[in-house]
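**Q** Handing over work26.csv, CSV, C-alpha atoms and all ligand atoms.
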```csv
chain,number,residue,atom,x,y,z
I,1,MET,CA,-7.2,-12.3,-21.8
I,2,ARG,CA,-6.7,-9.5,-24.3
I,3,GLU,CA,-3.4,-7.7,-24.1
I,4,LEU,CA,-4.1,-3.9,-24.1
I,5,ILE,CA,-0.6,-2.5,-23.7
I,6,ALA,CA,2.6,-4.3,-24.7
I,7,VAL,CA,6.0,-2.9,-23.8
I,8,GLU,CA,8.8,-4.7,-25.6
I,9,HIS,CA,12.4,-4.0,-24.8
I,10,LEU,CA,11.8,-0.3,-24.1
I,11,SER,CA,14.9,1.8,-23.2
I,12,PHE,CA,14.6,5.5,-22.7
I,13,SER,CA,17.0,8.4,-22.0
I,14,TYR,CA,16.1,12.0,-21.4
I,15,PRO,CA,17.7,14.6,-23.7
I,16,ASP,CA,20.2,15.4,-21.0
I,17,GLY,CA,21.5,11.8,-21.2
I,18,GLN,CA,19.8,10.6,-18.0
I,19,GLN,CA,18.9,6.9,-18.6
I,20,ALA,CA,15.4,6.4,-17.1
I,21,LEU,CA,14.4,3.0,-18.6
I,22,SER,CA,16.5,0.0,-19.6
I,23,ASN,CA,15.1,-2.9,-21.6
I,24,VAL,CA,11.7,-2.9,-20.0
I,25,SER,CA,9.1,-5.5,-21.2
I,26,LEU,CA,5.6,-5.7,-19.7
I,27,GLY,CA,2.1,-6.7,-20.8
I,28,ILE,CA,-1.1,-5.1,-19.4
I,29,TYR,CA,-4.2,-7.2,-20.0
I,30,GLU,CA,-7.8,-6.3,-20.0
I,31,GLY,CA,-9.2,-6.3,-16.5
I,32,ASP,CA,-5.8,-6.0,-14.9
I,33,SER,CA,-5.3,-3.9,-11.8
I,34,VAL,CA,-1.5,-3.5,-11.6
I,35,ALA,CA,0.5,-1.5,-9.2
I,36,ILE,CA,3.8,-0.1,-10.3
I,37,VAL,CA,6.1,0.4,-7.3
I,38,GLY,CA,9.6,1.5,-6.8
I,39,PRO,CA,11.9,4.0,-5.2
I,40,ASN,CA,11.9,7.7,-6.2
I,41,GLY,CA,13.6,8.2,-9.5
I,42,ALA,CA,13.2,4.5,-10.5
I,43,GLY,CA,11.5,5.4,-13.8
I,44,LYS,CA,7.8,4.8,-12.9
I,45,SER,CA,6.5,8.0,-14.3
I,46,THR,CA,8.7,7.8,-17.4
I,47,LEU,CA,7.3,4.4,-18.1
I,48,VAL,CA,3.6,5.4,-17.9
I,49,LEU,CA,4.2,8.5,-20.0
I,50,HIS,CA,4.9,6.1,-22.8
I,51,PHE,CA,1.5,4.5,-22.4
I,52,ASN,CA,-0.4,7.4,-23.9
I,53,GLY,CA,2.3,8.6,-26.2
I,54,ILE,CA,3.5,11.7,-24.2
I,55,LEU,CA,6.9,10.0,-24.5
I,56,ARG,CA,7.4,8.0,-27.7
I,57,SER,CA,10.0,5.4,-28.7
I,58,ASN,CA,9.8,3.8,-32.1
I,59,GLY,CA,7.5,0.9,-31.8
I,60,HIS,CA,8.5,-0.5,-28.4
I,61,VAL,CA,5.1,0.3,-26.9
I,62,LYS,CA,1.9,-1.1,-28.5
I,63,LEU,CA,-1.7,-0.4,-27.7
I,64,MET,CA,-4.1,-3.1,-28.8
I,65,GLY,CA,-1.4,-4.4,-31.2
I,66,ARG,CA,-0.7,-1.0,-32.8
I,67,PRO,CA,2.6,0.7,-32.2
I,68,ILE,CA,2.1,4.1,-30.6
I,69,ASP,CA,3.4,6.7,-32.9
I,70,ASP,CA,3.0,10.3,-34.1
I,71,ASN,CA,0.1,9.3,-36.4
I,72,ASN,CA,-2.2,7.7,-33.9
I,73,LEU,CA,-1.9,9.8,-30.8
I,74,LYS,CA,-5.5,10.9,-30.8
I,75,TRP,CA,-6.7,7.3,-31.1
I,76,VAL,CA,-4.3,6.4,-28.2
I,77,ARG,CA,-5.3,9.2,-25.9
I,78,ASN,CA,-9.0,8.3,-26.3
I,79,ARG,CA,-8.2,4.8,-25.0
I,80,VAL,CA,-5.5,5.4,-22.4
I,81,GLY,CA,-6.4,8.0,-19.7
I,82,LEU,CA,-3.4,9.2,-17.8
I,83,VAL,CA,-3.9,11.0,-14.5
I,84,PHE,CA,-0.8,13.1,-13.5
I,85,GLN,CA,0.7,13.0,-10.1
I,86,ASN,CA,-0.1,16.7,-9.5
I,87,PRO,CA,-3.8,17.5,-10.3
I,88,ASP,CA,-2.8,21.1,-10.9
I,89,ASP,CA,-1.2,19.8,-14.1
I,90,GLN,CA,-4.6,18.4,-15.2
I,91,LEU,CA,-7.0,21.1,-14.1
I,92,PHE,CA,-7.0,24.5,-15.9
I,93,SER,CA,-10.6,25.5,-16.5
I,94,PRO,CA,-12.7,28.0,-14.5
I,95,THR,CA,-15.2,25.3,-13.5
I,96,VAL,CA,-15.2,21.6,-12.7
I,97,PHE,CA,-17.7,21.1,-15.5
I,98,ASP,CA,-15.4,22.7,-18.1
I,99,ASP,CA,-12.4,20.6,-17.1
I,100,VAL,CA,-14.4,17.3,-17.2
I,101,ALA,CA,-16.1,18.4,-20.5
I,102,PHE,CA,-12.8,19.3,-22.2
I,103,GLY,CA,-12.0,15.9,-23.7
I,104,PRO,CA,-15.5,15.1,-24.9
I,105,MET,CA,-15.9,18.6,-26.4
I,106,ASN,CA,-12.6,18.1,-28.3
I,107,MET,CA,-14.0,14.9,-29.6
I,108,GLY,CA,-16.8,16.9,-31.2
I,109,TYR,CA,-19.6,15.3,-29.0
I,110,SER,CA,-23.0,17.1,-29.1
I,111,ARG,CA,-23.9,19.3,-26.1
I,112,PHE,CA,-26.2,16.5,-24.8
I,113,GLU,CA,-23.5,13.9,-25.1
I,114,VAL,CA,-20.9,16.1,-23.4
I,115,GLU,CA,-23.3,16.7,-20.5
I,116,ARG,CA,-24.0,13.0,-20.2
I,117,ALA,CA,-20.3,12.2,-20.2
I,118,VAL,CA,-19.6,14.8,-17.5
I,119,GLU,CA,-22.5,13.6,-15.4
I,120,ARG,CA,-21.3,10.0,-15.6
I,121,ALA,CA,-17.7,10.8,-14.9
I,122,LEU,CA,-18.4,13.0,-11.9
I,123,GLY,CA,-20.8,10.3,-10.6
I,124,LEU,CA,-18.0,7.7,-10.9
I,125,VAL,CA,-15.7,9.7,-8.7
I,126,GLY,CA,-18.3,10.8,-6.2
I,127,MET,CA,-18.2,14.5,-7.3
I,128,SER,CA,-21.7,15.1,-8.7
I,129,GLY,CA,-22.9,18.5,-7.7
I,130,PHE,CA,-19.4,20.1,-8.0
I,131,GLU,CA,-20.0,21.1,-11.7
I,132,LYS,CA,-20.0,24.9,-11.1
I,133,ARG,CA,-17.1,25.0,-8.5
I,134,SER,CA,-13.7,26.2,-9.3
I,135,PRO,CA,-11.2,23.3,-9.4
I,136,HIS,CA,-8.6,25.6,-7.9
I,137,HIS,CA,-10.5,26.0,-4.7
I,138,LEU,CA,-11.1,22.3,-4.0
I,139,SER,CA,-9.3,20.2,-1.5
I,140,ILE,CA,-6.4,18.1,-2.8
I,141,GLY,CA,-8.6,14.9,-2.5
I,142,GLU,CA,-11.4,16.6,-4.4
I,143,LYS,CA,-8.9,17.8,-7.1
I,144,ARG,CA,-7.6,14.3,-7.5
I,145,ARG,CA,-11.1,12.9,-8.0
I,146,VAL,CA,-11.9,15.6,-10.6
I,147,ALA,CA,-8.6,15.0,-12.3
I,148,ILE,CA,-9.7,11.3,-12.6
I,149,ALA,CA,-13.1,12.4,-14.0
I,150,THR,CA,-11.4,14.5,-16.7
I,151,VAL,CA,-10.0,11.2,-18.1
I,152,LEU,CA,-13.0,9.0,-17.3
I,153,SER,CA,-15.3,11.4,-19.3
I,154,MET,CA,-13.5,10.0,-22.4
I,155,ALA,CA,-14.5,6.5,-21.5
I,156,PRO,CA,-11.0,5.1,-21.9
I,157,GLU,CA,-10.1,1.4,-21.9
I,158,VAL,CA,-7.2,1.9,-19.5
I,159,LEU,CA,-6.8,4.2,-16.5
I,160,VAL,CA,-3.3,5.1,-15.5
I,161,ILE,CA,-2.8,7.0,-12.3
I,162,ASP,CA,0.5,8.4,-11.0
I,163,GLU,CA,0.7,8.3,-7.2
I,164,PRO,CA,-3.0,9.0,-6.5
I,165,THR,CA,-2.8,9.1,-2.7
I,166,SER,CA,0.3,11.3,-2.2
I,167,ASN,CA,-0.4,14.2,0.2
I,168,LEU,CA,-3.9,12.9,1.1
I,169,ASP,CA,-5.1,12.7,4.7
I,170,PRO,CA,-6.5,9.3,5.9
I,171,ARG,CA,-10.1,10.2,4.9
I,172,GLY,CA,-9.0,11.6,1.5
I,173,LYS,CA,-7.1,8.4,0.9
I,174,ARG,CA,-10.0,6.2,2.0
I,175,ASP,CA,-12.3,8.1,-0.4
I,176,LEU,CA,-9.9,7.7,-3.3
I,177,VAL,CA,-9.3,4.0,-2.7
I,178,ASP,CA,-13.1,3.5,-2.6
I,179,VAL,CA,-13.5,5.4,-5.9
I,180,LEU,CA,-10.8,3.4,-7.6
I,181,MET,CA,-12.2,0.2,-6.2
I,182,GLY,CA,-15.6,1.0,-7.7
I,183,LEU,CA,-14.2,1.5,-11.3
I,184,SER,CA,-14.5,-1.6,-13.4
I,185,ILE,CA,-11.8,-0.5,-15.8
I,186,THR,CA,-8.3,-1.8,-16.4
I,187,LYS,CA,-6.0,0.1,-14.0
I,188,ILE,CA,-2.4,0.9,-13.7
I,189,ILE,CA,-1.6,2.6,-10.4
I,190,ILE,CA,1.8,4.0,-9.5
I,191,SER,CA,2.0,4.0,-5.7
I,192,HIS,CA,4.2,3.9,-2.7
I,193,ASP,CA,1.2,3.1,-0.6
I,194,ILE,CA,1.3,-0.5,0.3
I,195,GLU,CA,-2.1,-0.6,1.9
I,196,LEU,CA,-3.6,0.7,-1.4
I,197,VAL,CA,-1.6,-1.8,-3.4
I,198,LYS,CA,-2.8,-4.7,-1.3
I,199,GLU,CA,-6.4,-3.5,-1.5
I,200,LEU,CA,-6.6,-2.6,-5.2
I,201,CYS,CA,-3.9,-4.5,-7.1
I,202,PRO,CA,-3.6,-8.3,-7.3
I,203,ARG,CA,-0.6,-7.8,-9.5
I,204,MET,CA,2.4,-5.7,-8.8
I,205,VAL,CA,5.5,-4.7,-10.7
I,206,ILE,CA,8.7,-3.4,-9.0
I,207,ILE,CA,10.9,-1.0,-10.9
I,208,ASP,CA,14.4,0.0,-9.8
I,209,GLN,CA,17.0,2.0,-11.7
I,210,GLY,CA,14.9,1.8,-14.9
I,211,MET,CA,14.6,-2.0,-14.8
I,212,ILE,CA,11.7,-4.3,-13.9
I,213,VAL,CA,12.9,-6.4,-11.0
I,214,ALA,CA,9.7,-8.2,-10.1
I,215,ASP,CA,6.3,-8.7,-11.8
I,216,GLY,CA,3.8,-11.0,-10.2
I,217,ASN,CA,1.3,-11.8,-7.5
I,218,THR,CA,1.1,-8.9,-5.0
I,219,THR,CA,0.8,-11.2,-1.9
I,220,ASN,CA,3.8,-13.2,-3.0
I,221,ILE,CA,6.0,-10.2,-3.8
I,222,LEU,CA,5.1,-8.5,-0.5
I,223,ALA,CA,6.1,-11.6,1.4
I,224,ASP,CA,9.6,-11.5,-0.2
I,225,LYS,CA,11.4,-9.3,2.4
I,226,LYS,CA,14.7,-9.9,0.7
I,227,LEU,CA,13.5,-8.6,-2.6
I,228,LEU,CA,11.8,-5.5,-0.9
I,229,THR,CA,15.0,-4.7,1.1
I,230,ALA,CA,17.1,-5.0,-2.0
I,231,HIS,CA,15.1,-2.3,-3.7
I,232,GLY,CA,14.6,0.0,-0.9
I,233,LEU,CA,11.0,-0.9,-0.3
I,234,ALA,CA,11.2,-2.8,2.9
I,235,THR,CA,9.7,-0.3,5.4
I,236,MET,CA,6.4,-0.4,3.4
S,1,LIG,N1,12.3,15.7,-17.7
S,1,LIG,C1,13.4,15.0,-17.3
S,1,LIG,N2,14.6,15.3,-17.7
S,1,LIG,C2,15.7,14.6,-17.3
S,1,LIG,N3,15.7,13.6,-16.5
S,1,LIG,C3,14.5,13.3,-16.0
S,1,LIG,C4,13.3,13.9,-16.4
S,1,LIG,N4,12.2,13.3,-15.7
S,1,LIG,C5,12.8,12.4,-15.0
S,1,LIG,N5,14.1,12.3,-15.1
S,1,LIG,C6,15.0,11.3,-14.5
S,1,LIG,O1,14.7,10.0,-15.0
S,1,LIG,C7,14.8,9.1,-13.9
S,1,LIG,C8,13.4,8.5,-13.7
S,1,LIG,O2,12.5,9.5,-13.3
S,1,LIG,P1,11.0,9.2,-13.0
S,1,LIG,O3,10.4,8.4,-14.2
S,1,LIG,O4,10.3,10.5,-12.8
S,1,LIG,O5,11.0,8.3,-11.7
S,1,LIG,P2,9.8,7.9,-10.7
S,1,LIG,O6,8.5,8.3,-11.3
S,1,LIG,O7,10.0,6.5,-10.5
S,1,LIG,O8,10.2,8.7,-9.4
S,1,LIG,C9,15.3,9.9,-12.7
S,1,LIG,O9,16.7,9.7,-12.7
S,1,LIG,C10,14.9,11.3,-13.0
S,1,LIG,O10,15.8,12.2,-12.4
S,2,MG,MG,7.1,9.7,-10.6
```
Could you render the structure from this file as structure tokens?

**A**
Amino acid sequence: MRELIAVEHLSFSYPDGQQALSNVSLGIYEGDSVAIVGPNGAGKSTLVLHFNGILRSNGHVKLMGRPIDDNNLKWVRNRVGLVFQNPDDQLFSPTVFDDVAFGPMNMGYSRFEVERAVERALGLVGMSGFEKRSPHHLSIGEKRRVAIATVLSMAPEVLVIDEPTSNLDPRGKRDLVDVLMGLSITKIIISHDIELVKELCPRMVIIDQGMIVADGNTTNILADKKLLTAHGLATM
């Protein structure tokens, strides 16, 4: 299988000195659906912010063999779609159409191509017909799906989603899991939601205190109660 993202010995500290990642190595392969699980503050968001170059670190993260750096950020962001934990960080336009069209417009697509990309992306997340609505007045579940559409409209190779089901009610969660299940794209999903992980991700990675402490088959890892207890995940 083709390796899309390669993380090699990545360590990262924030400017205030807080160490968030320590010597992390990880490969993401084409067709993977990987859950990234770990307690609050473990470094999950910090890790995925490296996947599309929002955070950068001198060659320790490669996309399709190329180190992510200041010179190829546009190329990287066309291929790795990152959905933030809070959809309000992703949605800023007066209409759903404008938000989902933003990426393709920036790419210089024709009006026709932009419309086609928006239609396709909204269809993939079950939000066709919402084009003229204001993103700010949608439910949290609808906002999440539109936020996903804003990155799918760019037709990325990899979809990275940070805690997609937090604050969703059971129906919103079900709808979102169904949407994710229907997407035949390489997925990296940060989640605390073990039901979601079981359903969507055959592979899971556990991060604790900035280190990868497990990476493997989800069923096997979830059966290892000692491991889960050691990393504060046992009640899941
Ligand atoms: N912008 C920031 N500045 C300083 N420290 C941060 C910042 N963002 C996160 N951290 C710290 O880095 C560590 C990892 O955080 P984060 O990646 O957000 O964890 P997770 O997503 O697993 O909850 C935590 O100790 C957190 O407090
Ligand atoms: Mg986080």

**Q** Compile the contact shell of Ser134 of chain I as a ChimeraX atom specification: residues with an atom at most 8 Å away, counting only C-alpha atoms, same-chain residues fewer than 3 positions apart removed.

**A** /I:93-96,137-138

**Q** Of the candidates I:Leu124, I:Ile161, I:Leu26, I:Leu152, which shows the shortest atom-to-atom distance to ligand MG 2 (chain S), using all atoms listed in the file?

**A** I:Ile161

**Q** Excluding segment 181-194 of chain I and residues on its chain fewer than 3 positions from it, collect all residues at most 10 Å away from it, counting only C-alpha atoms, and give them as a ChimeraX atom specification.

**A** /I:4,28-40,44-45,48,80-83,85,124-125,152,155-166,173,175-178,197-201,203-205,218,222,233,235-236

**Q** Would you save the residues of that selection, restricted to C-alpha atoms, as a compact mmCIF listing (two decimals), keeping the file's coordinate frame?

**A**
```txt
# COMPACT_ATOMS: atom_id res chain seq x y z
CA LEU I 4 -4.10 -3.90 -24.10
CA ILE I 28 -1.10 -5.10 -19.40
CA TYR I 29 -4.20 -7.20 -20.00
CA GLU I 30 -7.80 -6.30 -20.00
CA GLY I 31 -9.20 -6.30 -16.50
CA ASP I 32 -5.80 -6.00 -14.90
CA SER I 33 -5.30 -3.90 -11.80
CA VAL I 34 -1.50 -3.50 -11.60
CA ALA I 35 0.50 -1.50 -9.20
CA ILE I 36 3.80 -0.10 -10.30
CA VAL I 37 6.10 0.40 -7.30
CA GLY I 38 9.60 1.50 -6.80
CA PRO I 39 11.90 4.00 -5.20
CA ASN I 40 11.90 7.70 -6.20
CA LYS I 44 7.80 4.80 -12.90
CA SER I 45 6.50 8.00 -14.30
CA VAL I 48 3.60 5.40 -17.90
CA VAL I 80 -5.50 5.40 -22.40
CA GLY I 81 -6.40 8.00 -19.70
CA LEU I 82 -3.40 9.20 -17.80
CA VAL I 83 -3.90 11.00 -14.50
CA GLN I 85 0.70 13.00 -10.10
CA LEU I 124 -18.00 7.70 -10.90
CA VAL I 125 -15.70 9.70 -8.70
CA LEU I 152 -13.00 9.00 -17.30
CA ALA I 155 -14.50 6.50 -21.50
CA PRO I 156 -11.00 5.10 -21.90
CA GLU I 157 -10.10 1.40 -21.90
CA VAL I 158 -7.20 1.90 -19.50
CA LEU I 159 -6.80 4.20 -16.50
CA VAL I 160 -3.30 5.10 -15.50
CA ILE I 161 -2.80 7.00 -12.30
CA ASP I 162 0.50 8.40 -11.00
CA GLU I 163 0.70 8.30 -7.20
CA PRO I 164 -3.00 9.00 -6.50
CA THR I 165 -2.80 9.10 -2.70
CA SER I 166 0.30 11.30 -2.20
CA LYS I 173 -7.10 8.40 0.90
CA ASP I 175 -12.30 8.10 -0.40
CA LEU I 176 -9.90 7.70 -3.30
CA VAL I 177 -9.30 4.00 -2.70
CA ASP I 178 -13.10 3.50 -2.60
CA VAL I 197 -1.60 -1.80 -3.40
CA LYS I 198 -2.80 -4.70 -1.30
CA GLU I 199 -6.40 -3.50 -1.50
CA LEU I 200 -6.60 -2.60 -5.20
CA CYS I 201 -3.90 -4.50 -7.10
CA ARG I 203 -0.60 -7.80 -9.50
CA MET I 204 2.40 -5.70 -8.80
CA VAL I 205 5.50 -4.70 -10.70
CA THR I 218 1.10 -8.90 -5.00
CA LEU I 222 5.10 -8.50 -0.50
CA LEU I 233 11.00 -0.90 -0.30
CA THR I 235 9.70 -0.30 5.40
CA MET I 236 6.40 -0.40 3.40
```

**Q** Within 6 Å of ligand LIG 1 (chain S), counting only C-alpha atoms and all ligand atoms, which protein or nucleic acid residues do you find, written as a list in words?

**A**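 I would give the residues around ligand LIG 1 (chain S) as Tyr14, Asp16, Gln18, Ala20, Asn40, Gly41, Ala42, Gly43, Lys44, Ser45 and Thr46 of chain I.
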
**Q** Those residues with C-alpha atoms, as an mmCIF file, in the frame of the given file please?

**A**
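See selection_21.cif below for the written result:
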```cif
data_model
loop_
_atom_site.group_PDB
_atom_site.id
_atom_site.type_symbol
_atom_site.label_atom_id
_atom_site.label_comp_id
_atom_site.auth_asym_id
_atom_site.auth_seq_id
_atom_site.Cartn_x
_atom_site.Cartn_y
_atom_site.Cartn_z
ATOM 1 C CA TYR I 14 16.100 12.000 -21.400
ATOM 2 C CA ASP I 16 20.200 15.400 -21.000
ATOM 3 C CA GLN I 18 19.800 10.600 -18.000
ATOM 4 C CA ALA I 20 15.400 6.400 -17.100
ATOM 5 C CA ASN I 40 11.900 7.700 -6.200
ATOM 6 C CA GLY I 41 13.600 8.200 -9.500
ATOM 7 C CA ALA I 42 13.200 4.500 -10.500
ATOM 8 C CA GLY I 43 11.500 5.400 -13.800
ATOM 9 C CA LYS I 44 7.800 4.800 -12.900
ATOM 10 C CA SER I 45 6.500 8.000 -14.300
ATOM 11 C CA THR I 46 8.700 7.800 -17.400
#
```

**Q** Tell me, in Å to one decimal, how far atom CA of Ser128 of chain I is from atom CA of Gly172 of chain I.

**A**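 Here the two named atoms are 16.7 Å from each other.
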
**Q** When distances are computed from all atoms listed in the file, which of I:Asn71, I:Gln209, I:Asn217, I:Gln90 shows the smallest separation from Gly53 of chain I?

**A**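 Of I:Asn71, I:Gln209, I:Asn217, I:Gln90, the one nearest Gly53 of chain I is I:Asn71, counting all atoms listed in the file.
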
**Q** Choose the residue, out of I:Ser22, I:Ser110, I:Asn167, I:Asn52, that has the smallest atom-to-atom separation from Asn78 of chain I; count all atoms listed in the file.

**A**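 Of I:Ser22, I:Ser110, I:Asn167, I:Asn52, the one nearest Asn78 of chain I is I:Asn52, counting all atoms listed in the file.
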
**Q** Considering all atoms listed in the file, state which residue in the set I:Asn106, I:Ser11, I:Ser57, I:Asn86 is at the smallest distance from ligand MG 2 (chain S).

**A**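 Of I:Asn106, I:Ser11, I:Ser57, I:Asn86, the one nearest ligand MG 2 (chain S), counting all atoms listed in the file, is I:Asn86.
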
**Q** Find the residue from I:Leu196, I:Val24, I:Val114, I:Leu55 that sits nearest to Gly210 of chain I; use only C-alpha atoms when measuring.

**A**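 Smallest separation from Gly210 of chain I among the options: I:Val24.
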
**Q** In Å, rounded to a single decimal, give me how far atom CA of Ala6 of chain I is from atom CA of His60 of chain I.

**A** 7.9 Å

**Q** Could all heavy atoms be built for segment 111-120 of chain I and written out as a tab-separated table (two decimals), in the coordinates of the input?

**A**
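Result file is out_13.tsv:
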```tsv
chain	number	residue	atom	x	y	z
I	111	ARG	N	-23.69	18.72	-27.46
I	111	ARG	CA	-23.90	19.30	-26.10
I	111	ARG	C	-24.48	18.25	-25.18
I	111	ARG	O	-24.04	18.08	-24.04
I	111	ARG	CB	-24.76	20.53	-26.23
I	111	ARG	CG	-24.95	21.30	-24.95
I	111	ARG	CD	-23.70	22.11	-24.61
I	111	ARG	NE	-23.69	22.48	-23.20
I	111	ARG	CZ	-22.65	23.01	-22.58
I	111	ARG	NH1	-21.53	23.23	-23.23
I	111	ARG	NH2	-22.72	23.33	-21.31
I	112	PHE	N	-25.48	17.56	-25.67
I	112	PHE	CA	-26.20	16.50	-24.80
I	112	PHE	C	-25.21	15.43	-24.45
I	112	PHE	O	-25.15	15.03	-23.28
I	112	PHE	CB	-27.37	15.98	-25.63
I	112	PHE	CG	-28.06	14.85	-24.92
I	112	PHE	CD1	-28.84	15.07	-23.79
I	112	PHE	CD2	-27.91	13.54	-25.39
I	112	PHE	CE1	-29.47	14.02	-23.14
I	112	PHE	CE2	-28.54	12.48	-24.73
I	112	PHE	CZ	-29.32	12.73	-23.61
I	113	GLU	N	-24.43	14.96	-25.42
I	113	GLU	CA	-23.50	13.90	-25.10
I	113	GLU	C	-22.38	14.33	-24.15
I	113	GLU	O	-21.97	13.57	-23.27
I	113	GLU	CB	-22.79	13.40	-26.43
I	113	GLU	CG	-23.72	12.58	-27.31
I	113	GLU	CD	-23.13	12.40	-28.72
I	113	GLU	OE1	-22.45	13.33	-29.22
I	113	GLU	OE2	-23.35	11.33	-29.30
I	114	VAL	N	-21.95	15.58	-24.32
I	114	VAL	CA	-20.90	16.10	-23.40
I	114	VAL	C	-21.50	16.14	-21.98
I	114	VAL	O	-20.86	15.67	-21.04
I	114	VAL	CB	-20.50	17.54	-23.82
I	114	VAL	CG1	-19.63	18.19	-22.73
I	114	VAL	CG2	-19.73	17.50	-25.15
I	115	GLU	N	-22.70	16.64	-21.84
I	115	GLU	CA	-23.30	16.70	-20.50
I	115	GLU	C	-23.47	15.35	-19.88
I	115	GLU	O	-23.24	15.15	-18.69
I	115	GLU	CB	-24.66	17.45	-20.57
I	115	GLU	CG	-24.45	18.95	-20.64
I	115	GLU	CD	-25.73	19.74	-20.87
I	115	GLU	OE1	-26.82	19.13	-20.85
I	115	GLU	OE2	-25.61	20.97	-21.08
I	116	ARG	N	-23.84	14.40	-20.70
I	116	ARG	CA	-24.00	13.00	-20.20
I	116	ARG	C	-22.68	12.44	-19.76
I	116	ARG	O	-22.58	11.78	-18.72
I	116	ARG	CB	-24.65	12.16	-21.27
I	116	ARG	CG	-25.83	11.40	-20.71
I	116	ARG	CD	-26.52	10.57	-21.72
I	116	ARG	NE	-25.64	10.07	-22.78
I	116	ARG	CZ	-26.03	9.27	-23.75
I	116	ARG	NH1	-27.28	8.86	-23.78
I	116	ARG	NH2	-25.21	8.87	-24.68
I	117	ALA	N	-21.63	12.69	-20.56
I	117	ALA	CA	-20.30	12.20	-20.20
I	117	ALA	C	-19.79	12.78	-18.92
I	117	ALA	O	-19.20	12.10	-18.08
I	117	ALA	CB	-19.33	12.43	-21.37
I	118	VAL	N	-20.04	14.08	-18.74
I	118	VAL	CA	-19.60	14.80	-17.50
I	118	VAL	C	-20.33	14.25	-16.31
I	118	VAL	O	-19.73	13.94	-15.27
I	118	VAL	CB	-19.77	16.31	-17.67
I	118	VAL	CG1	-19.48	17.00	-16.33
I	118	VAL	CG2	-18.87	16.86	-18.77
I	119	GLU	N	-21.63	14.10	-16.46
I	119	GLU	CA	-22.50	13.60	-15.40
I	119	GLU	C	-22.00	12.22	-14.92
I	119	GLU	O	-21.85	11.94	-13.73
I	119	GLU	CB	-23.91	13.58	-15.84
I	119	GLU	CG	-24.93	13.37	-14.76
I	119	GLU	CD	-26.34	13.28	-15.36
I	119	GLU	OE1	-26.67	14.10	-16.25
I	119	GLU	OE2	-27.08	12.36	-14.98
I	120	ARG	N	-21.76	11.38	-15.91
I	120	ARG	CA	-21.30	10.00	-15.60
I	120	ARG	C	-19.99	10.00	-14.93
I	120	ARG	O	-19.78	9.34	-13.92
I	120	ARG	CB	-21.28	9.23	-16.94
I	120	ARG	CG	-20.85	7.79	-16.78
I	120	ARG	CD	-20.81	7.08	-18.14
I	120	ARG	NE	-20.02	5.87	-18.02
I	120	ARG	CZ	-18.70	5.83	-18.10
I	120	ARG	NH1	-18.01	6.95	-18.34
I	120	ARG	NH2	-18.05	4.70	-17.94
```
